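See below for model.tsv, which holds TSV, N, CA and C atoms.
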```tsv
chain	number	residue	atom	x	y	z
A	88	MET	N	-22.23	-17.12	6.17
A	88	MET	CA	-20.91	-16.88	6.72
A	88	MET	C	-19.86	-17.39	5.73
A	89	LYS	N	-18.81	-16.67	5.56
A	89	LYS	CA	-17.77	-17.01	4.61
A	89	LYS	C	-16.83	-18.04	5.21
A	90	HIS	N	-16.49	-19.05	4.40
A	90	HIS	CA	-15.56	-20.08	4.85
A	90	HIS	C	-14.21	-19.85	4.17
A	91	PHE	N	-13.16	-20.06	4.93
A	91	PHE	CA	-11.81	-19.87	4.41
A	91	PHE	C	-11.10	-21.21	4.36
A	92	ASN	N	-10.18	-21.32	3.45
A	92	ASN	CA	-9.33	-22.50	3.43
A	92	ASN	C	-7.88	-22.05	3.60
A	93	LYS	N	-7.02	-23.02	3.83
A	93	LYS	CA	-5.62	-22.73	4.11
A	93	LYS	C	-4.97	-21.96	2.97
A	94	GLU	N	-5.27	-22.34	1.73
A	94	GLU	CA	-4.65	-21.69	0.57
A	94	GLU	C	-5.03	-20.22	0.47
A	95	SER	N	-6.30	-19.90	0.72
A	95	SER	CA	-6.71	-18.50	0.62
A	95	SER	C	-6.09	-17.66	1.73
A	96	ILE	N	-5.94	-18.24	2.90
A	96	ILE	CA	-5.30	-17.52	4.01
A	96	ILE	C	-3.82	-17.30	3.70
A	97	GLN	N	-3.16	-18.32	3.18
A	97	GLN	CA	-1.74	-18.18	2.82
A	97	GLN	C	-1.57	-17.14	1.72
A	98	ARG	N	-2.49	-17.11	0.76
A	98	ARG	CA	-2.43	-16.11	-0.31
A	98	ARG	C	-2.59	-14.71	0.26
A	99	ASP	N	-3.51	-14.55	1.21
A	99	ASP	CA	-3.71	-13.24	1.84
A	99	ASP	C	-2.48	-12.81	2.65
A	100	ILE	N	-1.86	-13.76	3.33
A	100	ILE	CA	-0.65	-13.45	4.09
A	100	ILE	C	0.47	-13.03	3.15
A	101	LYS	N	0.60	-13.71	2.03
A	101	LYS	CA	1.63	-13.35	1.04
A	101	LYS	C	1.37	-11.95	0.49
A	102	ALA	N	0.10	-11.62	0.24
A	102	ALA	CA	-0.23	-10.28	-0.25
A	102	ALA	C	0.12	-9.22	0.80
A	103	LEU	N	-0.12	-9.52	2.06
A	103	LEU	CA	0.25	-8.58	3.12
A	103	LEU	C	1.77	-8.40	3.19
A	104	GLU	N	2.51	-9.49	3.01
A	104	GLU	CA	3.97	-9.39	3.01
A	104	GLU	C	4.45	-8.54	1.83
A	105	GLN	N	3.82	-8.69	0.67
A	105	GLN	CA	4.19	-7.88	-0.49
A	105	GLN	C	3.87	-6.41	-0.22
A	106	THR	N	2.74	-6.17	0.42
A	106	THR	CA	2.37	-4.80	0.76
A	106	THR	C	3.37	-4.20	1.74
A	107	ASP	N	3.79	-4.99	2.72
A	107	ASP	CA	4.81	-4.52	3.67
A	107	ASP	C	6.12	-4.18	2.96
A	108	ALA	N	6.52	-5.02	2.01
A	108	ALA	CA	7.76	-4.78	1.27
A	108	ALA	C	7.66	-3.51	0.44
A	109	LEU	N	6.51	-3.30	-0.21
A	109	LEU	CA	6.32	-2.07	-0.98
A	109	LEU	C	6.33	-0.85	-0.07
A	110	ALA	N	5.67	-0.95	1.07
A	110	ALA	CA	5.65	0.17	2.02
A	110	ALA	C	7.05	0.50	2.49
A	111	GLU	N	7.84	-0.52	2.74
A	111	GLU	CA	9.23	-0.30	3.18
A	111	GLU	C	10.04	0.41	2.09
A	112	ALA	N	9.88	-0.03	0.85
A	112	ALA	CA	10.61	0.58	-0.27
A	112	ALA	C	10.18	2.04	-0.46
A	113	ILE	N	8.89	2.28	-0.39
A	113	ILE	CA	8.38	3.65	-0.57
A	113	ILE	C	8.85	4.54	0.57
A	114	ASN	N	8.79	4.04	1.79
A	114	ASN	CA	9.24	4.83	2.94
A	114	ASN	C	10.73	5.12	2.87
A	115	ALA	N	11.51	4.19	2.34
A	115	ALA	CA	12.95	4.42	2.18
A	115	ALA	C	13.20	5.57	1.19
A	116	GLU	N	12.42	5.61	0.11
A	116	GLU	CA	12.57	6.70	-0.87
A	116	GLU	C	12.14	8.03	-0.27
A	117	VAL	N	11.08	8.02	0.52
A	117	VAL	CA	10.62	9.25	1.17
A	117	VAL	C	11.70	9.74	2.14
A	118	ALA	N	12.30	8.83	2.88
A	118	ALA	CA	13.36	9.20	3.82
A	118	ALA	C	14.54	9.83	3.09
A	119	LYS	N	14.88	9.27	1.92
A	119	LYS	CA	15.97	9.85	1.13
A	119	LYS	C	15.62	11.26	0.69
A	120	MET	N	14.38	11.47	0.30
A	120	MET	CA	13.97	12.79	-0.18
A	120	MET	C	14.00	13.84	0.93
A	121	LYS	N	13.80	13.41	2.16
A	121	LYS	CA	13.84	14.35	3.29
A	121	LYS	C	15.23	14.95	3.45
A	122	ASP	N	16.24	14.19	3.04
A	122	ASP	CA	17.62	14.65	3.20
A	122	ASP	C	18.14	15.42	1.99
A	123	VAL	N	17.34	15.53	0.95
A	123	VAL	CA	17.78	16.19	-0.28
A	123	VAL	C	17.48	17.69	-0.20
A	124	ASP	N	18.41	18.46	-0.69
A	124	ASP	CA	18.25	19.90	-0.74
A	124	ASP	C	17.19	20.26	-1.80
A	125	VAL	N	16.17	21.00	-1.40
A	125	VAL	CA	15.08	21.36	-2.30
A	125	VAL	C	15.60	22.15	-3.50
A	126	GLN	N	16.53	23.03	-3.26
A	126	GLN	CA	17.10	23.82	-4.37
A	126	GLN	C	17.75	22.91	-5.41
A	127	SER	N	18.39	21.86	-4.95
A	127	SER	CA	19.03	20.91	-5.84
A	127	SER	C	17.99	20.21	-6.72
A	128	ILE	N	16.89	19.84	-6.12
A	128	ILE	CA	15.81	19.19	-6.88
A	128	ILE	C	15.24	20.16	-7.91
A	129	ILE	N	15.03	21.39	-7.51
A	129	ILE	CA	14.47	22.39	-8.42
A	129	ILE	C	15.41	22.61	-9.60
A	130	LYS	N	16.71	22.68	-9.32
A	130	LYS	CA	17.69	22.88	-10.40
A	130	LYS	C	17.66	21.73	-11.40
A	131	ARG	N	17.47	20.51	-10.90
A	131	ARG	CA	17.43	19.35	-11.79
A	131	ARG	C	16.07	19.22	-12.48
A	132	ALA	N	15.00	19.56	-11.78
A	132	ALA	CA	13.66	19.36	-12.32
A	132	ALA	C	13.24	20.44	-13.32
A	133	LEU	N	13.66	21.67	-13.09
A	133	LEU	CA	13.21	22.77	-13.94
A	133	LEU	C	13.51	22.55	-15.42
A	134	PRO	N	14.74	22.19	-15.80
A	134	PRO	CA	14.99	21.94	-17.22
A	134	PRO	C	14.13	20.80	-17.78
A	135	MET	N	13.88	19.79	-16.96
A	135	MET	CA	13.05	18.67	-17.43
A	135	MET	C	11.61	19.12	-17.64
A	136	ILE	N	11.12	19.94	-16.74
A	136	ILE	CA	9.75	20.44	-16.87
A	136	ILE	C	9.63	21.30	-18.12
A	137	MET	N	10.61	22.15	-18.34
A	137	MET	CA	10.59	23.03	-19.51
A	137	MET	C	10.66	22.22	-20.82
A	138	SER	N	11.41	21.13	-20.82
A	138	SER	CA	11.55	20.32	-22.04
A	138	SER	C	10.39	19.33	-22.21
A	139	GLY	N	9.65	19.10	-21.14
A	139	GLY	CA	8.56	18.13	-21.20
A	139	GLY	C	9.02	16.69	-21.04
A	140	LYS	N	10.28	16.50	-20.70
A	140	LYS	CA	10.83	15.16	-20.53
A	140	LYS	C	11.26	14.98	-19.07
A	141	PHE	N	10.29	14.68	-18.24
A	141	PHE	CA	10.54	14.55	-16.81
A	141	PHE	C	11.00	13.13	-16.47
A	142	SER	N	12.01	13.02	-15.66
A	142	SER	CA	12.56	11.73	-15.26
A	142	SER	C	12.68	11.69	-13.74
A	143	LEU	N	12.02	10.72	-13.15
A	143	LEU	CA	12.14	10.56	-11.69
A	143	LEU	C	13.57	10.24	-11.29
A	144	GLU	N	14.24	9.45	-12.10
A	144	GLU	CA	15.62	9.06	-11.79
A	144	GLU	C	16.55	10.26	-11.69
A	145	LYS	N	16.32	11.25	-12.52
A	145	LYS	CA	17.21	12.42	-12.53
A	145	LYS	C	17.04	13.30	-11.29
A	146	ILE	N	15.96	13.11	-10.58
A	146	ILE	CA	15.82	13.86	-9.32
A	146	ILE	C	16.02	12.94	-8.11
A	147	GLY	N	16.56	11.74	-8.38
A	147	GLY	CA	16.95	10.85	-7.29
A	147	GLY	C	15.90	9.85	-6.85
A	148	LEU	N	14.86	9.66	-7.64
A	148	LEU	CA	13.82	8.69	-7.30
A	148	LEU	C	13.89	7.52	-8.27
A	149	PRO	N	13.45	6.34	-7.83
A	149	PRO	CA	13.47	5.20	-8.75
A	149	PRO	C	12.44	5.40	-9.87
A	150	SER	N	12.78	4.91	-11.04
A	150	SER	CA	11.89	5.10	-12.19
A	150	SER	C	10.55	4.40	-12.02
A	151	ASN	N	10.50	3.39	-11.17
A	151	ASN	CA	9.25	2.65	-10.97
A	151	ASN	C	8.47	3.10	-9.73
A	152	LEU	N	8.75	4.27	-9.22
A	152	LEU	CA	8.08	4.74	-8.00
A	152	LEU	C	6.57	4.82	-8.19
A	153	ILE	N	6.12	5.32	-9.32
A	153	ILE	CA	4.67	5.43	-9.56
A	153	ILE	C	4.03	4.05	-9.56
A	154	GLN	N	4.68	3.09	-10.21
A	154	GLN	CA	4.16	1.72	-10.23
A	154	GLN	C	4.13	1.12	-8.83
A	155	GLN	N	5.16	1.41	-8.04
A	155	GLN	CA	5.19	0.92	-6.66
A	155	GLN	C	4.02	1.50	-5.85
A	156	LEU	N	3.79	2.80	-6.02
A	156	LEU	CA	2.68	3.44	-5.30
A	156	LEU	C	1.34	2.86	-5.73
A	157	GLU	N	1.16	2.65	-7.04
A	157	GLU	CA	-0.09	2.08	-7.53
A	157	GLU	C	-0.30	0.66	-7.01
A	158	ALA	N	0.75	-0.16	-7.03
A	158	ALA	CA	0.66	-1.53	-6.54
A	158	ALA	C	0.36	-1.54	-5.04
A	159	TYR	N	1.02	-0.66	-4.31
A	159	TYR	CA	0.78	-0.56	-2.87
A	159	TYR	C	-0.67	-0.19	-2.59
A	160	GLU	N	-1.18	0.79	-3.29
A	160	GLU	CA	-2.57	1.22	-3.07
A	160	GLU	C	-3.54	0.10	-3.42
A	161	SER	N	-3.27	-0.61	-4.49
A	161	SER	CA	-4.14	-1.70	-4.90
A	161	SER	C	-4.17	-2.81	-3.85
A	162	LEU	N	-2.99	-3.25	-3.42
A	162	LEU	CA	-2.92	-4.29	-2.39
A	162	LEU	C	-3.52	-3.83	-1.08
A	163	ASN	N	-3.27	-2.59	-0.73
A	163	ASN	CA	-3.79	-2.02	0.51
A	163	ASN	C	-5.31	-1.96	0.47
A	164	ALA	N	-5.88	-1.59	-0.67
A	164	ALA	CA	-7.33	-1.51	-0.80
A	164	ALA	C	-7.98	-2.88	-0.62
A	165	VAL	N	-7.36	-3.91	-1.20
A	165	VAL	CA	-7.88	-5.28	-1.05
A	165	VAL	C	-7.81	-5.71	0.41
A	166	ALA	N	-6.69	-5.42	1.05
A	166	ALA	CA	-6.52	-5.80	2.46
A	166	ALA	C	-7.54	-5.10	3.34
A	167	ARG	N	-7.76	-3.81	3.09
A	167	ARG	CA	-8.76	-3.07	3.89
A	167	ARG	C	-10.16	-3.63	3.67
A	168	LYS	N	-10.49	-3.97	2.43
A	168	LYS	CA	-11.80	-4.53	2.10
A	168	LYS	C	-12.01	-5.85	2.84
A	169	LYS	N	-11.01	-6.73	2.79
A	169	LYS	CA	-11.12	-8.03	3.46
A	169	LYS	C	-11.22	-7.87	4.97
A	170	LEU	N	-10.45	-6.96	5.52
A	170	LEU	CA	-10.53	-6.72	6.97
A	170	LEU	C	-11.90	-6.19	7.34
A	171	ARG	N	-12.41	-5.25	6.55
A	171	ARG	CA	-13.73	-4.68	6.82
A	171	ARG	C	-14.80	-5.78	6.77
A	172	GLU	N	-14.72	-6.67	5.77
A	172	GLU	CA	-15.67	-7.78	5.66
A	172	GLU	C	-15.59	-8.69	6.89
A	173	ARG	N	-14.36	-8.98	7.32
A	173	ARG	CA	-14.19	-9.85	8.50
A	173	ARG	C	-14.75	-9.19	9.75
A	174	LEU	N	-14.48	-7.89	9.90
A	174	LEU	CA	-14.97	-7.18	11.08
A	174	LEU	C	-16.49	-7.09	11.07
A	175	ASP	N	-17.07	-6.85	9.89
A	175	ASP	CA	-18.53	-6.83	9.79
A	175	ASP	C	-19.12	-8.19	10.16
A	176	ALA	N	-18.49	-9.27	9.69
A	176	ALA	CA	-18.96	-10.63	10.01
A	176	ALA	C	-18.81	-10.89	11.51
A	177	ASP	N	-17.68	-10.47	12.08
A	177	ASP	CA	-17.48	-10.64	13.53
A	177	ASP	C	-18.51	-9.87	14.32
A	178	LEU	N	-18.81	-8.66	13.88
A	178	LEU	CA	-19.81	-7.84	14.56
A	178	LEU	C	-21.19	-8.48	14.47
A	179	ALA	N	-21.52	-9.02	13.31
A	179	ALA	CA	-22.80	-9.70	13.14
A	179	ALA	C	-22.88	-10.93	14.03
A	180	THR	N	-21.79	-11.66	14.14
A	180	THR	CA	-21.75	-12.84	15.00
A	180	THR	C	-21.95	-12.45	16.46
A	181	LEU	N	-21.29	-11.37	16.86
A	181	LEU	CA	-21.47	-10.89	18.24
A	181	LEU	C	-22.91	-10.44	18.48
A	182	GLY	N	-23.49	-9.75	17.50
A	182	GLY	CA	-24.88	-9.31	17.63
A	182	GLY	C	-25.82	-10.50	17.76
A	183	ALA	N	-25.59	-11.54	16.98
A	183	ALA	CA	-26.42	-12.75	17.06
A	183	ALA	C	-26.23	-13.43	18.41
A	184	ALA	N	-25.02	-13.44	18.93
A	184	ALA	CA	-24.75	-14.07	20.23
A	184	ALA	C	-25.44	-13.29	21.34
A	185	GLU	N	-25.48	-11.96	21.23
A	185	GLU	CA	-26.17	-11.16	22.24
A	185	GLU	C	-27.67	-11.43	22.23
A	186	VAL	N	-28.24	-11.61	21.05
A	186	VAL	CA	-29.67	-11.90	20.95
A	186	VAL	C	-29.97	-13.24	21.61
A	187	VAL	N	-29.12	-14.24	21.37
A	187	VAL	CA	-29.32	-15.56	21.95
A	187	VAL	C	-29.17	-15.48	23.46
A	188	ASN	N	-28.17	-14.76	23.95
A	188	ASN	CA	-27.92	-14.67	25.40
A	188	ASN	C	-29.01	-13.88	26.11
A	189	HIS	N	-29.56	-12.85	25.46
A	189	HIS	CA	-30.58	-12.02	26.10
A	189	HIS	C	-31.99	-12.49	25.75
A	190	GLY	N	-32.09	-13.30	24.74
A	190	GLY	CA	-33.39	-13.69	24.22
A	190	GLY	C	-34.01	-14.75	24.99
```

Can the structure from this file be put into structure tokens for me?
Amino acid sequence: MKHFNKESIQRDIKALEQTDALAEAINAEVAKMKDVDVQSIIKRALPMIMSGKFSLEKIGLPSNLIQQLEAYESLNAVARKKLRERLDADLATLGAAEVVNHG
């Protein structure tokens, strides 16, 4: 069984808070894009695509959006892995308790 200490729990909570902040920032950008006219984006993006010099900022997105998405996915993957491990351990503990109670 895995043992936790206060520092590791606080580190995990901080990582969850960072993930929440990234999710909020990403969702805010998505909300902004919902209000943008698609034709306007196409007009701005087409010359960039043709020149090979694409800029997220020129279509109204932050330049670090890709990095934000990558960081979010990385933190989210770690959080899901840890939750899955905890749930598996909890399930094993329950299974052992059932064996003791019925055994």

Exercise for the section: Could you give me the residues within chain A that DSSP places in alpha helix (DSSP H), as a count of residues only? Expected result: 81

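The shortest atom-to-atom distance to Ala132 of chain A, with all atoms listed in the file taken into account, belongs to A:Ile146 out of A:Leu174, A:Met120, A:Leu103, A:Ile146.
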
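Distance annotation: of A:Leu148, A:Leu143, A:Val125, A:Ile136, the residue with the minimal separation from Ile113 of chain A is A:Leu148; atom set is only C-alpha atoms.
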
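Straight-line separation from atom CA of Lys140 of chain A to atom C of Ser161 of chain A: 28.7 Å.
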
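One distance worth recording is that between atom CA of Ala183 of chain A and atom CA of Ile100 of chain A, which is 28.9 Å.
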